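Here is input10.csv, consisting of CSV, C-alpha atoms:
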```csv
chain,number,residue,atom,x,y,z
G,17,MET,CA,-51.0,24.6,4.2
G,18,SER,CA,-48.4,25.6,1.7
G,19,GLU,CA,-50.6,28.7,0.8
G,20,ALA,CA,-50.2,30.1,4.3
G,21,SER,CA,-47.8,33.1,4.1
G,22,HIS,CA,-44.4,33.0,5.8
G,23,TRP,CA,-45.4,35.9,8.0
G,24,SER,CA,-48.4,34.0,9.4
G,25,ILE,CA,-46.4,30.9,10.0
G,26,PHE,CA,-43.8,33.0,11.9
G,27,ILE,CA,-46.4,34.8,14.1
G,28,ASN,CA,-48.2,31.5,14.7
G,29,ALA,CA,-45.1,29.7,16.0
G,30,ALA,CA,-43.7,32.7,18.0
G,31,LEU,CA,-46.8,34.1,19.6
G,32,ILE,CA,-50.1,32.3,19.1
G,33,ASN,CA,-48.9,28.8,19.6
G,34,ASN,CA,-45.8,29.7,21.6
G,35,PHE,CA,-43.8,26.5,22.1
G,36,VAL,CA,-43.3,27.0,25.9
G,37,LEU,CA,-46.5,28.6,26.9
G,38,ALA,CA,-49.0,26.8,24.7
G,39,TYR,CA,-47.4,23.5,23.9
G,40,PHE,CA,-45.4,23.0,27.1
G,41,LEU,CA,-42.3,22.1,25.1
G,42,GLY,CA,-38.9,22.9,26.7
G,43,ILE,CA,-40.2,23.4,30.2
G,44,CYS,CA,-37.1,22.1,31.9
G,45,PRO,CA,-34.7,24.8,30.6
G,46,PHE,CA,-37.5,27.3,30.9
G,47,PHE,CA,-37.5,26.9,34.6
G,48,GLY,CA,-33.9,25.9,35.0
G,49,VAL,CA,-32.2,28.8,33.2
G,50,SER,CA,-34.7,31.6,33.7
G,51,ALA,CA,-33.3,32.8,37.1
G,52,LYS,CA,-30.9,35.3,35.5
G,53,LEU,CA,-31.8,37.6,32.5
G,54,GLU,CA,-28.3,37.3,30.9
G,55,THR,CA,-28.2,33.5,30.9
G,56,ALA,CA,-31.7,33.4,29.6
G,57,VAL,CA,-30.8,35.6,26.6
G,58,ARG,CA,-27.8,33.3,25.8
G,59,MET,CA,-29.8,30.2,26.2
G,60,GLY,CA,-32.5,31.5,24.0
G,61,GLY,CA,-29.9,32.2,21.3
G,62,ALA,CA,-28.4,28.8,21.6
G,63,VAL,CA,-31.7,27.0,21.4
G,64,SER,CA,-32.8,29.1,18.4
G,65,PHE,CA,-29.7,28.2,16.5
G,66,VAL,CA,-30.0,24.5,17.3
G,67,MET,CA,-33.7,24.7,16.2
G,68,LEU,CA,-32.7,26.2,12.9
G,69,VAL,CA,-30.1,23.5,12.1
G,70,ALA,CA,-32.3,20.7,13.4
G,71,SER,CA,-35.2,21.9,11.2
G,72,VAL,CA,-33.0,21.9,8.0
G,73,CYS,CA,-31.6,18.4,9.0
G,74,ALA,CA,-35.0,17.0,9.8
G,75,TYR,CA,-36.3,18.2,6.4
G,76,SER,CA,-33.5,16.4,4.5
G,77,ILE,CA,-33.8,13.3,6.6
G,78,ASN,CA,-37.5,13.1,6.0
G,79,LEU,CA,-36.9,13.2,2.2
G,80,LEU,CA,-34.4,10.4,2.5
G,81,LEU,CA,-36.7,8.3,4.7
G,82,GLU,CA,-39.5,8.7,2.2
G,83,VAL,CA,-37.2,7.5,-0.6
G,84,ILE,CA,-36.2,4.3,1.3
G,85,ASN,CA,-39.8,4.0,2.7
G,86,ALA,CA,-38.8,3.7,6.4
G,87,PRO,CA,-41.0,6.1,8.4
G,88,TYR,CA,-40.4,4.0,11.6
G,89,LEU,CA,-36.8,5.2,11.7
G,90,ARG,CA,-37.9,8.8,12.0
G,91,ILE,CA,-37.7,9.3,15.8
G,92,ILE,CA,-34.3,7.6,16.1
G,93,SER,CA,-32.7,9.5,13.2
G,94,TYR,CA,-34.1,12.8,14.4
G,95,ILE,CA,-32.9,12.5,17.9
G,96,LEU,CA,-29.4,11.4,16.7
G,97,VAL,CA,-29.1,14.4,14.5
G,98,ILE,CA,-30.2,16.7,17.2
G,99,ALA,CA,-27.7,15.1,19.7
G,100,SER,CA,-24.8,15.7,17.3
G,101,THR,CA,-25.9,19.2,16.5
G,102,VAL,CA,-26.0,20.0,20.2
G,103,GLN,CA,-22.5,18.6,20.6
G,104,LEU,CA,-21.3,20.9,17.8
G,105,VAL,CA,-22.9,24.0,19.4
G,106,GLU,CA,-21.4,23.0,22.7
G,107,MET,CA,-17.9,22.8,21.2
G,108,LEU,CA,-18.4,26.1,19.4
G,109,ILE,CA,-19.5,28.0,22.5
G,110,ARG,CA,-16.7,26.5,24.6
G,111,LYS,CA,-14.2,27.8,22.0
G,112,LEU,CA,-15.7,31.2,21.4
G,113,SER,CA,-16.8,32.2,24.9
G,114,PRO,CA,-15.8,30.0,27.9
G,115,ALA,CA,-17.6,32.3,30.3
G,116,THR,CA,-21.0,31.6,28.6
G,117,PHE,CA,-20.1,28.0,28.6
G,118,ARG,CA,-19.7,27.9,32.4
G,119,ALA,CA,-22.8,30.0,33.0
G,120,MET,CA,-25.1,27.6,31.1
G,121,GLY,CA,-23.6,24.6,32.9
G,122,ILE,CA,-25.6,21.4,32.7
G,123,TYR,CA,-28.3,23.0,30.6
G,124,LEU,CA,-26.2,23.2,27.5
G,125,PRO,CA,-25.9,19.4,26.9
G,126,LEU,CA,-29.5,19.1,28.1
G,127,ILE,CA,-30.6,21.0,24.9
G,128,THR,CA,-30.5,17.5,23.4
G,129,THR,CA,-33.4,16.4,25.6
G,130,ASN,CA,-35.2,19.7,25.1
G,131,CYS,CA,-38.6,18.6,23.8
G,132,ALA,CA,-38.9,21.9,21.9
G,133,ILE,CA,-36.4,20.8,19.4
G,134,LEU,CA,-37.6,17.3,18.7
G,135,GLY,CA,-41.2,18.7,18.8
G,136,LEU,CA,-40.3,21.3,16.2
G,137,ALA,CA,-38.9,18.6,13.9
G,138,LEU,CA,-42.0,16.4,14.4
G,139,PHE,CA,-44.5,19.2,14.0
G,140,GLN,CA,-43.0,20.4,10.7
G,141,THR,CA,-43.0,16.8,9.4
G,142,ASN,CA,-46.6,16.3,10.5
G,143,ARG,CA,-47.8,19.5,8.8
G,144,GLY,CA,-45.9,18.7,5.6
G,145,TYR,CA,-44.0,22.0,5.5
G,146,GLY,CA,-41.7,22.6,2.5
G,147,PHE,CA,-38.2,23.9,2.9
G,148,THR,CA,-38.8,27.6,3.2
G,149,ASN,CA,-41.8,27.1,5.4
G,150,ALA,CA,-39.8,24.8,7.7
G,151,VAL,CA,-37.0,27.4,8.1
G,152,VAL,CA,-39.5,30.2,8.8
G,153,TYR,CA,-41.3,27.9,11.3
G,154,ALA,CA,-38.0,27.1,13.1
G,155,LEU,CA,-37.1,30.9,13.2
G,156,GLY,CA,-40.5,31.6,14.7
G,157,ALA,CA,-40.3,28.9,17.3
G,158,GLY,CA,-36.8,29.9,18.3
G,159,ALA,CA,-37.9,33.6,18.6
G,160,GLY,CA,-41.0,32.5,20.7
G,161,PHE,CA,-38.8,30.3,23.0
G,162,ALA,CA,-36.3,33.1,23.5
G,163,LEU,CA,-39.1,35.6,24.2
G,164,ALA,CA,-40.8,33.4,26.8
G,165,LEU,CA,-37.5,32.7,28.5
G,166,VAL,CA,-36.5,36.4,28.7
G,167,LEU,CA,-40.0,37.4,30.0
G,168,MET,CA,-39.8,34.7,32.6
G,169,ALA,CA,-36.3,35.7,33.7
G,170,GLY,CA,-37.4,39.4,34.0
G,171,VAL,CA,-40.3,38.4,36.2
G,172,ARG,CA,-38.2,36.1,38.4
G,173,GLU,CA,-35.5,38.7,38.9
G,174,LYS,CA,-38.1,41.0,40.3
G,175,LEU,CA,-39.7,38.2,42.3
G,176,ASP,CA,-36.4,37.6,44.1
G,177,LEU,CA,-36.8,41.0,45.7
G,178,ALA,CA,-40.4,40.5,46.7
G,179,ASN,CA,-41.6,39.1,50.0
G,180,VAL,CA,-42.9,35.6,49.0
G,181,PRO,CA,-44.3,33.2,51.6
G,182,GLN,CA,-41.8,30.4,52.5
G,183,LEU,CA,-44.2,27.7,51.3
G,184,VAL,CA,-44.7,29.1,47.8
G,185,LYS,CA,-41.1,30.0,47.2
G,186,GLY,CA,-39.3,28.2,44.4
G,187,THR,CA,-41.0,26.0,41.9
G,188,ALA,CA,-44.6,26.6,42.9
G,189,ALA,CA,-44.2,30.4,42.5
G,190,ALA,CA,-42.5,29.8,39.1
G,191,PHE,CA,-45.4,27.7,37.9
G,192,VAL,CA,-48.0,30.4,38.9
G,193,VAL,CA,-45.9,33.0,37.0
G,194,ALA,CA,-45.8,30.7,34.0
G,195,GLY,CA,-49.5,30.2,34.2
G,196,ILE,CA,-50.2,33.9,34.2
G,197,LEU,CA,-47.7,34.5,31.3
G,198,SER,CA,-49.4,31.7,29.4
G,199,MET,CA,-52.8,33.3,30.0
G,200,SER,CA,-51.6,36.6,28.7
G,201,PHE,CA,-50.3,34.9,25.5
G,202,MET,CA,-53.8,33.7,24.8
G,203,GLY,CA,-54.6,37.2,23.9
G,204,PHE,CA,-52.5,36.8,20.7
G,205,ALA,CA,-55.0,34.2,19.5
G,206,GLY,CA,-56.9,36.9,17.7
G,207,LEU,CA,-53.9,37.7,15.5
G,208,GLY,CA,-54.1,34.8,13.1
G,209,ARG,CA,-56.2,31.9,12.1
A,24,MET,CA,-28.3,6.5,52.0
A,25,LEU,CA,-24.7,5.7,51.1
A,26,GLY,CA,-23.3,2.5,52.6
A,27,LYS,CA,-26.7,1.5,53.9
A,28,GLU,CA,-28.3,-1.7,52.7
A,29,VAL,CA,-31.3,-0.8,50.5
A,30,SER,CA,-34.2,-3.3,50.4
A,31,ALA,CA,-36.0,-4.3,47.2
A,32,THR,CA,-39.2,-2.7,48.4
A,33,ASP,CA,-37.4,0.6,48.9
A,34,ASP,CA,-36.3,0.6,45.3
A,35,PHE,CA,-39.9,0.5,44.4
A,36,VAL,CA,-41.5,2.7,47.0
A,37,LYS,CA,-39.2,5.6,46.8
A,38,GLY,CA,-40.6,6.6,43.3
A,39,LEU,CA,-44.1,6.8,44.7
A,40,TRP,CA,-43.6,9.5,47.2
A,41,ARG,CA,-40.2,10.4,48.6
A,42,GLU,CA,-38.6,10.8,45.2
A,43,ASN,CA,-41.7,11.2,43.1
A,44,PRO,CA,-40.5,12.3,39.7
A,45,VAL,CA,-43.1,14.9,39.1
A,46,PHE,CA,-43.9,16.5,42.4
A,47,VAL,CA,-40.5,16.2,44.1
A,48,GLN,CA,-37.8,16.0,41.4
A,49,VAL,CA,-39.9,18.1,38.9
A,50,LEU,CA,-38.7,15.9,36.0
A,51,GLY,CA,-40.6,15.1,32.8
A,52,MET,CA,-42.7,18.2,33.1
A,53,CYS,CA,-43.4,18.7,29.4
A,54,PRO,CA,-45.7,15.7,28.8
A,55,ALA,CA,-47.1,15.9,32.3
A,56,LEU,CA,-48.6,19.3,31.5
A,57,ALA,CA,-49.3,19.0,27.9
A,58,VAL,CA,-51.5,15.9,27.8
A,59,SER,CA,-53.1,16.1,31.2
A,60,ASN,CA,-56.2,18.0,30.1
A,61,THR,CA,-58.3,14.9,30.5
A,62,ALA,CA,-57.8,11.9,32.9
A,63,ILE,CA,-57.8,9.3,30.1
A,64,ASN,CA,-55.0,11.1,28.2
A,65,ALA,CA,-53.0,11.4,31.4
A,66,LEU,CA,-53.4,7.7,32.1
A,67,THR,CA,-52.4,6.6,28.6
A,68,MET,CA,-49.4,8.9,28.7
A,69,GLY,CA,-48.4,7.6,32.2
A,70,LEU,CA,-48.7,3.9,31.1
A,71,ALA,CA,-46.7,4.5,27.9
A,72,THR,CA,-44.0,6.3,29.8
A,73,THR,CA,-43.9,3.5,32.4
A,74,PHE,CA,-43.5,0.9,29.7
A,75,VAL,CA,-40.6,2.8,28.1
A,76,LEU,CA,-39.1,3.4,31.5
A,77,ILE,CA,-39.1,-0.3,32.4
A,78,MET,CA,-37.9,-1.6,29.1
A,79,SER,CA,-35.1,0.9,28.7
A,80,GLY,CA,-34.1,0.5,32.4
A,81,MET,CA,-33.8,-3.3,31.9
A,82,SER,CA,-31.8,-3.0,28.6
A,83,VAL,CA,-29.5,-0.3,29.9
A,84,SER,CA,-28.8,-2.3,33.1
A,85,ALA,CA,-28.3,-5.6,31.1
A,86,LEU,CA,-25.9,-3.9,28.7
A,87,ARG,CA,-24.1,-1.7,31.3
A,88,ASN,CA,-20.8,-3.6,31.0
A,89,PHE,CA,-20.7,-3.4,27.2
A,90,ILE,CA,-21.5,0.2,26.7
A,91,PRO,CA,-18.3,2.4,26.7
A,92,ARG,CA,-18.5,5.4,29.0
A,93,GLU,CA,-17.9,7.9,26.2
A,94,ALA,CA,-20.8,6.7,24.0
A,95,ARG,CA,-23.2,6.0,26.8
A,96,ILE,CA,-25.7,8.9,26.3
A,97,VAL,CA,-26.0,8.2,22.6
A,98,SER,CA,-26.5,4.5,23.3
A,99,TYR,CA,-29.2,5.2,25.9
A,100,ILE,CA,-31.0,7.6,23.6
A,101,CYS,CA,-31.0,4.9,20.8
A,102,ILE,CA,-32.4,2.3,23.2
A,103,ILE,CA,-35.1,4.7,24.4
A,104,ALA,CA,-36.0,5.8,20.9
A,105,SER,CA,-36.5,2.2,19.7
A,106,PHE,CA,-39.0,1.5,22.5
A,107,VAL,CA,-40.8,4.7,22.0
A,108,THR,CA,-41.2,3.9,18.3
A,109,ALA,CA,-42.7,0.6,19.4
A,110,VAL,CA,-45.1,2.2,21.8
A,111,ASP,CA,-46.1,4.8,19.2
A,112,TYR,CA,-47.2,2.0,16.8
A,113,VAL,CA,-48.9,0.0,19.5
A,114,ILE,CA,-51.1,2.9,20.6
A,115,MET,CA,-51.9,3.6,17.0
A,116,ALA,CA,-53.1,0.0,16.6
A,117,ILE,CA,-55.2,0.0,19.8
A,118,SER,CA,-57.0,3.3,19.4
A,119,LEU,CA,-56.5,5.7,16.5
A,120,GLU,CA,-58.6,8.3,18.2
A,121,LEU,CA,-56.4,8.3,21.4
A,122,HIS,CA,-53.3,8.4,19.2
A,123,ARG,CA,-54.6,11.5,17.5
A,124,SER,CA,-55.5,13.3,20.7
A,125,LEU,CA,-52.0,12.7,22.1
A,126,GLY,CA,-50.4,13.7,18.8
A,127,ALA,CA,-46.7,14.2,18.7
A,128,PHE,CA,-46.4,13.8,22.5
A,129,ILE,CA,-46.0,10.0,22.3
A,130,ALA,CA,-42.9,10.5,20.2
A,131,LEU,CA,-41.7,13.1,22.6
A,132,ILE,CA,-41.4,10.5,25.4
A,133,VAL,CA,-37.9,10.1,23.9
A,134,VAL,CA,-36.9,13.5,25.3
A,135,ASN,CA,-38.6,13.0,28.7
A,136,CYS,CA,-35.8,13.9,31.1
A,137,LEU,CA,-37.1,11.3,33.6
A,138,ILE,CA,-36.2,8.3,31.4
A,139,LEU,CA,-32.7,9.4,30.5
A,140,GLY,CA,-32.2,10.5,34.1
A,141,ARG,CA,-33.1,7.1,35.5
A,142,ALA,CA,-31.0,5.3,32.9
A,143,GLU,CA,-27.9,7.5,33.8
A,144,ALA,CA,-28.5,7.7,37.5
A,145,PHE,CA,-29.7,4.3,38.4
A,146,ALA,CA,-30.0,1.6,35.7
A,147,SER,CA,-26.4,2.1,34.5
A,148,LYS,CA,-25.0,1.2,38.0
A,149,ASN,CA,-27.4,-1.5,39.2
A,150,THR,CA,-28.5,-5.1,38.5
A,151,VAL,CA,-31.3,-5.8,36.1
A,152,SER,CA,-33.8,-6.7,38.9
A,153,ARG,CA,-33.1,-3.6,40.9
A,154,ALA,CA,-33.3,-1.4,37.8
A,155,THR,CA,-36.7,-3.0,36.9
A,156,LEU,CA,-38.1,-2.3,40.4
A,157,ASP,CA,-36.8,1.2,40.3
A,158,ALA,CA,-38.4,1.8,36.9
A,159,LEU,CA,-41.7,0.3,38.1
A,160,GLY,CA,-41.7,2.6,41.1
A,161,MET,CA,-40.8,5.7,39.1
A,162,GLY,CA,-43.3,4.9,36.4
A,163,ALA,CA,-46.1,4.3,38.9
A,164,GLY,CA,-45.2,7.6,40.7
A,165,PHE,CA,-45.2,9.4,37.3
A,166,THR,CA,-48.5,7.9,36.3
A,167,VAL,CA,-50.2,8.7,39.6
A,168,ALA,CA,-49.0,12.3,39.5
A,169,LEU,CA,-50.1,12.7,35.9
A,170,LEU,CA,-53.5,11.2,36.8
A,171,TRP,CA,-53.9,13.7,39.7
A,172,ILE,CA,-53.3,16.7,37.5
A,173,GLY,CA,-55.5,15.2,34.8
A,174,VAL,CA,-58.4,14.5,37.2
A,175,VAL,CA,-58.3,18.0,38.6
A,176,ARG,CA,-58.2,19.6,35.2
A,177,GLU,CA,-61.0,17.4,33.7
A,178,ILE,CA,-63.4,17.8,36.7
A,179,LEU,CA,-63.0,21.6,36.8
A,180,GLY,CA,-62.5,22.2,33.1
A,181,SER,CA,-65.0,19.9,31.5
A,182,ASN,CA,-67.3,18.8,34.4
A,183,SER,CA,-66.6,15.2,33.7
A,184,LEU,CA,-64.3,12.3,34.7
A,185,PHE,CA,-63.0,9.8,32.2
A,186,GLY,CA,-65.5,11.2,29.8
A,187,ILE,CA,-68.5,10.6,32.1
A,188,ALA,CA,-70.4,13.8,33.0
A,189,LEU,CA,-70.4,14.5,36.7
A,190,PHE,CA,-72.5,17.3,38.0
A,191,PRO,CA,-75.7,18.4,36.3
A,192,ASP,CA,-76.1,21.9,34.9
A,193,ALA,CA,-75.6,23.7,38.2
A,194,PHE,CA,-71.8,23.6,37.7
A,195,GLN,CA,-70.1,26.4,35.7
A,196,THR,CA,-67.0,24.9,34.0
A,197,TRP,CA,-63.7,26.7,34.4
A,198,THR,CA,-62.6,26.9,30.8
A,199,VAL,CA,-59.1,28.0,31.9
A,200,MET,CA,-58.3,24.6,33.3
A,201,VAL,CA,-58.5,22.9,29.9
A,202,LEU,CA,-56.3,25.7,28.3
A,203,PRO,CA,-52.5,25.6,28.6
A,204,SER,CA,-52.4,28.0,31.6
A,205,GLY,CA,-54.6,25.6,33.6
A,206,GLY,CA,-51.9,23.1,33.4
A,207,PHE,CA,-49.5,25.4,35.1
A,208,PHE,CA,-52.0,26.4,37.7
A,209,ALA,CA,-53.0,22.8,38.5
A,210,MET,CA,-49.3,21.8,38.8
A,211,ALA,CA,-48.6,24.8,41.1
A,212,MET,CA,-51.5,23.7,43.3
A,213,TRP,CA,-50.3,20.2,43.7
A,214,LEU,CA,-46.7,21.4,44.4
A,215,LEU,CA,-48.1,23.6,47.1
A,216,LEU,CA,-50.0,20.7,48.7
A,217,VAL,CA,-46.9,18.5,48.5
A,218,ASN,CA,-44.7,21.2,50.0
A,219,TRP,CA,-47.2,21.8,52.8
A,220,LEU,CA,-47.5,18.0,53.6
A,221,LYS,CA,-43.7,17.7,53.7
A,222,ASN,CA,-43.3,20.7,56.0
A,223,ARG,CA,-45.9,19.2,58.3
A,224,GLN,CA,-44.2,15.8,58.3
A,225,THR,CA,-40.7,17.2,59.2
A,226,GLU,CA,-42.3,19.4,61.9
A,227,SER,CA,-44.1,16.5,63.5
A,228,GLN,CA,-41.0,14.3,63.3
A,229,ALA,CA,-39.0,17.1,65.1
A,230,GLN,CA,-41.7,17.2,67.8
A,231,THR,CA,-41.7,13.4,68.4
A,232,GLN,CA,-37.9,13.5,68.7
A,233,GLU,CA,-38.2,16.1,71.3
A,234,LEU,CA,-40.8,14.2,73.3
A,235,THR,CA,-39.1,10.8,73.3
A,236,PRO,CA,-36.2,10.8,75.8
```
Show how you would write the structure in this file as structure tokens.
Amino acid sequence: MSEASHWSIFINAALINNFVLAYFLGICPFFGVSAKLETAVRMGGAVSFVMLVASVCAYSINLLLEVINAPYLRIISYILVIASTVQLVEMLIRKLSPATFRAMGIYLPLITTNCAILGLALFQTNRGYGFTNAVVYALGAGAGFALALVLMAGVREKLDLANVPQLVKGTAAAFVVAGILSMSFMGFAGLGR
Amino acid sequence: MLGKEVSATDDFVKGLWRENPVFVQVLGMCPALAVSNTAINALTMGLATTFVLIMSGMSVSALRNFIPREARIVSYICIIASFVTAVDYVIMAISLELHRSLGAFIALIVVNCLILGRAEAFASKNTVSRATLDALGMGAGFTVALLWIGVVREILGSNSLFGIALFPDAFQTWTVMVLPSGGFFAMAMWLLLVNWLKNRQTESQAQTQELTP
């Protein structure tokens, strides 16, 4: 696995095995924040940043846990680190841009329970990625998450203007759109391994 | 609901249909879609989640007077993560094959919004027995919903149910149902059905109200 080039890890995480559309990770914010394009872009940025920090933290925690031989503490320590990182990002955004903070609402603290981030930390541990590989993987996953979110927001903004039957409106329509997006992402499978 | 006396059965039953976590509240979507490609995976995931839901509901409710408000989310997550670690090791002990096919998704029960949501919204405010009943109902509702999605995807995608082949050669399998996009489509279908049933129910209720003087 360590022989795989950084570029292929990046493409793999961002397109071929896109976290949202192939692994179903981070579905809640995917549907919750994708109604407006602008919020979607900001959410994508925030999640990518948390992913990067969490990936570096997870790498160092895993080293420590291997030294003290306590793999059963992995889930607990990962989730605690992610929770504190999210808290930090929340404070930063509130300080730097209160408007963004209000726009993201409840979904900002909910990044903690975003499966994409814990999933990233667990996947990189399972695959035994080294430090640089882990960082590249996190960057790719973040880019893929942001891409899926922005695509979805674009489609939903158009869908608002369309004439959708009352019964399908809302979540059901969003799921069908996501299914079609996911199907089109399958086309990237030819890109890599 | 406020101010009305709620019976014990209602605590249990509401999770099955009226407040079904998957089809009505649309919570805990990630595991519901990711591991529902076969019925057996869906069932295992549902049972594991139910166990964590019940245990964490009981613990949170029992400790609700000791946990300070400011540190409650962190405490809940610690409680949930401990039970998930236990479940992870139990499933590994029962069937290594099943554990492998579920992969990281067992560990990801920690971040299932449903569990934290119930801990925050219900268990932290109610007695242990009511919290247990609520967790049981929600868990059962979650398991049943997952099973429905899993059954549809397995029958259409692999022409089998619980690993047993169903129709002979005549049936052309829909490969798309096993793939990730099939999860979204199956979910959309069930949501449509639930929406339709609910619409019909409210309409018939309105009619009976008109008819009775």
A:Ser147: which residues within 6 Å, counting only C-alpha atoms, same-chain residues fewer than 5 positions away excluded, as a PDB file with C-alpha atoms, keeping the file's coordinate frame?
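Contents of the output file around.pdb:
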```pdb
ATOM      1  CA  SER A  84     -28.800  -2.300  33.100  1.00  0.00           C
ATOM      2  CA  ARG A  87     -24.100  -1.700  31.300  1.00  0.00           C
ATOM      3  CA  ALA A 142     -31.000   5.300  32.900  1.00  0.00           C
TER       4      ALA A 142
END
```
Residues of chain G within 7 Å of chain A, counting all atoms listed in the file, as a list in words
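Filtering chain G at 7 Å from chain A with all atoms listed in the file gives Leu37, Ala38, Tyr39, Phe40, Leu41, Gly42, Ile43, Cys44, Tyr88, Ile91, Ile92, Thr129, Asn130, Cys131, Gly135, Leu138, Leu183, Val184, Ala188, Phe191, Val192, Ala194, Gly195, Ile196, Ser198 and Met199 of chain G.
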Mind writing the picked residues with C-alpha atoms as a PDB file, in the coordinates of the input?
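Generated output (out-v4.pdb):
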```pdb
ATOM      1  CA  LEU G  37     -46.500  28.600  26.900  1.00  0.00           C
ATOM      2  CA  ALA G  38     -49.000  26.800  24.700  1.00  0.00           C
ATOM      3  CA  TYR G  39     -47.400  23.500  23.900  1.00  0.00           C
ATOM      4  CA  PHE G  40     -45.400  23.000  27.100  1.00  0.00           C
ATOM      5  CA  LEU G  41     -42.300  22.100  25.100  1.00  0.00           C
ATOM      6  CA  GLY G  42     -38.900  22.900  26.700  1.00  0.00           C
ATOM      7  CA  ILE G  43     -40.200  23.400  30.200  1.00  0.00           C
ATOM      8  CA  CYS G  44     -37.100  22.100  31.900  1.00  0.00           C
ATOM      9  CA  TYR G  88     -40.400   4.000  11.600  1.00  0.00           C
ATOM     10  CA  ILE G  91     -37.700   9.300  15.800  1.00  0.00           C
ATOM     11  CA  ILE G  92     -34.300   7.600  16.100  1.00  0.00           C
ATOM     12  CA  THR G 129     -33.400  16.400  25.600  1.00  0.00           C
ATOM     13  CA  ASN G 130     -35.200  19.700  25.100  1.00  0.00           C
ATOM     14  CA  CYS G 131     -38.600  18.600  23.800  1.00  0.00           C
ATOM     15  CA  GLY G 135     -41.200  18.700  18.800  1.00  0.00           C
ATOM     16  CA  LEU G 138     -42.000  16.400  14.400  1.00  0.00           C
ATOM     17  CA  LEU G 183     -44.200  27.700  51.300  1.00  0.00           C
ATOM     18  CA  VAL G 184     -44.700  29.100  47.800  1.00  0.00           C
ATOM     19  CA  ALA G 188     -44.600  26.600  42.900  1.00  0.00           C
ATOM     20  CA  PHE G 191     -45.400  27.700  37.900  1.00  0.00           C
ATOM     21  CA  VAL G 192     -48.000  30.400  38.900  1.00  0.00           C
ATOM     22  CA  ALA G 194     -45.800  30.700  34.000  1.00  0.00           C
ATOM     23  CA  GLY G 195     -49.500  30.200  34.200  1.00  0.00           C
ATOM     24  CA  ILE G 196     -50.200  33.900  34.200  1.00  0.00           C
ATOM     25  CA  SER G 198     -49.400  31.700  29.400  1.00  0.00           C
ATOM     26  CA  MET G 199     -52.800  33.300  30.000  1.00  0.00           C
TER      27      MET G 199
END
```
Shell of 7 Å around A:Leu39, all atoms listed in the file, local chain residues under 5 positions omitted, as a ChimeraX atom specification:
/A:160-161,163-164
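Checking G:Leu155, G:Phe201, G:Phe47, G:Thr141 one by one against G:Glu82, counting only C-alpha atoms, you find the shortest gap at G:Thr141.
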What is the distance between atom CA of G:Leu165 and atom CA of G:Phe117, in Å to one decimal?
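Atom CA of G:Phe117 lies 18.0 Å from atom CA of G:Leu165.
The protein and nucleic acid residues lying at most 8 Å from G:Ser64 are G:Gly60, G:Gly61, G:Ala62, G:Val66, G:Met67, G:Leu68, G:Ala154, G:Leu155, G:Ala157, G:Gly158, G:Ala159, G:Phe161, G:Ala162, with only C-alpha atoms considered and sequence neighbours fewer than 2 positions away removed.
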Atom CA of A:Ala62 and atom CA of A:Gln195, how far apart in Å?
19.2 Å
Neighbours of stretch 30-35 of chain A within 12 Å (only C-alpha atoms; same-chain residues fewer than 4 positions away dropped), as a VMD selection string?
chain A and resid 24 39 to 43 145 to 146 149 to 150 152 to 164
Neighbours of point (-46.4, 29.7, 9.9) within 10 Å, using all atoms listed in the file, written as a PDB file with C-alpha atoms, in the coordinates of the input:
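Full text of part_34.pdb as output:
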```
ATOM      1  CA  MET G  17     -51.000  24.600   4.200  1.00  0.00           C
ATOM      2  CA  SER G  18     -48.400  25.600   1.700  1.00  0.00           C
ATOM      3  CA  ALA G  20     -50.200  30.100   4.300  1.00  0.00           C
ATOM      4  CA  SER G  21     -47.800  33.100   4.100  1.00  0.00           C
ATOM      5  CA  HIS G  22     -44.400  33.000   5.800  1.00  0.00           C
ATOM      6  CA  TRP G  23     -45.400  35.900   8.000  1.00  0.00           C
ATOM      7  CA  SER G  24     -48.400  34.000   9.400  1.00  0.00           C
ATOM      8  CA  ILE G  25     -46.400  30.900  10.000  1.00  0.00           C
ATOM      9  CA  PHE G  26     -43.800  33.000  11.900  1.00  0.00           C
ATOM     10  CA  ILE G  27     -46.400  34.800  14.100  1.00  0.00           C
ATOM     11  CA  ASN G  28     -48.200  31.500  14.700  1.00  0.00           C
ATOM     12  CA  ALA G  29     -45.100  29.700  16.000  1.00  0.00           C
ATOM     13  CA  ALA G  30     -43.700  32.700  18.000  1.00  0.00           C
ATOM     14  CA  GLN G 140     -43.000  20.400  10.700  1.00  0.00           C
ATOM     15  CA  TYR G 145     -44.000  22.000   5.500  1.00  0.00           C
ATOM     16  CA  ASN G 149     -41.800  27.100   5.400  1.00  0.00           C
ATOM     17  CA  ALA G 150     -39.800  24.800   7.700  1.00  0.00           C
ATOM     18  CA  VAL G 151     -37.000  27.400   8.100  1.00  0.00           C
ATOM     19  CA  VAL G 152     -39.500  30.200   8.800  1.00  0.00           C
ATOM     20  CA  TYR G 153     -41.300  27.900  11.300  1.00  0.00           C
ATOM     21  CA  ALA G 154     -38.000  27.100  13.100  1.00  0.00           C
ATOM     22  CA  LEU G 155     -37.100  30.900  13.200  1.00  0.00           C
ATOM     23  CA  GLY G 156     -40.500  31.600  14.700  1.00  0.00           C
ATOM     24  CA  ALA G 157     -40.300  28.900  17.300  1.00  0.00           C
ATOM     25  CA  GLY G 208     -54.100  34.800  13.100  1.00  0.00           C
TER      26      GLY G 208
END
```
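Residue nearest A:Ser183, chosen from A:Ser124, A:Glu226, A:Asn60, A:Lys37 and counting all atoms listed in the file: A:Asn60.
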List as a VMD selection string the protein and nucleic acid residues near A:Leu66, meaning an atom at most 8 Å away when all atoms listed in the file are counted, but skip any in the same chain fewer than 5 places from it.
chain A and resid 166 169 to 170
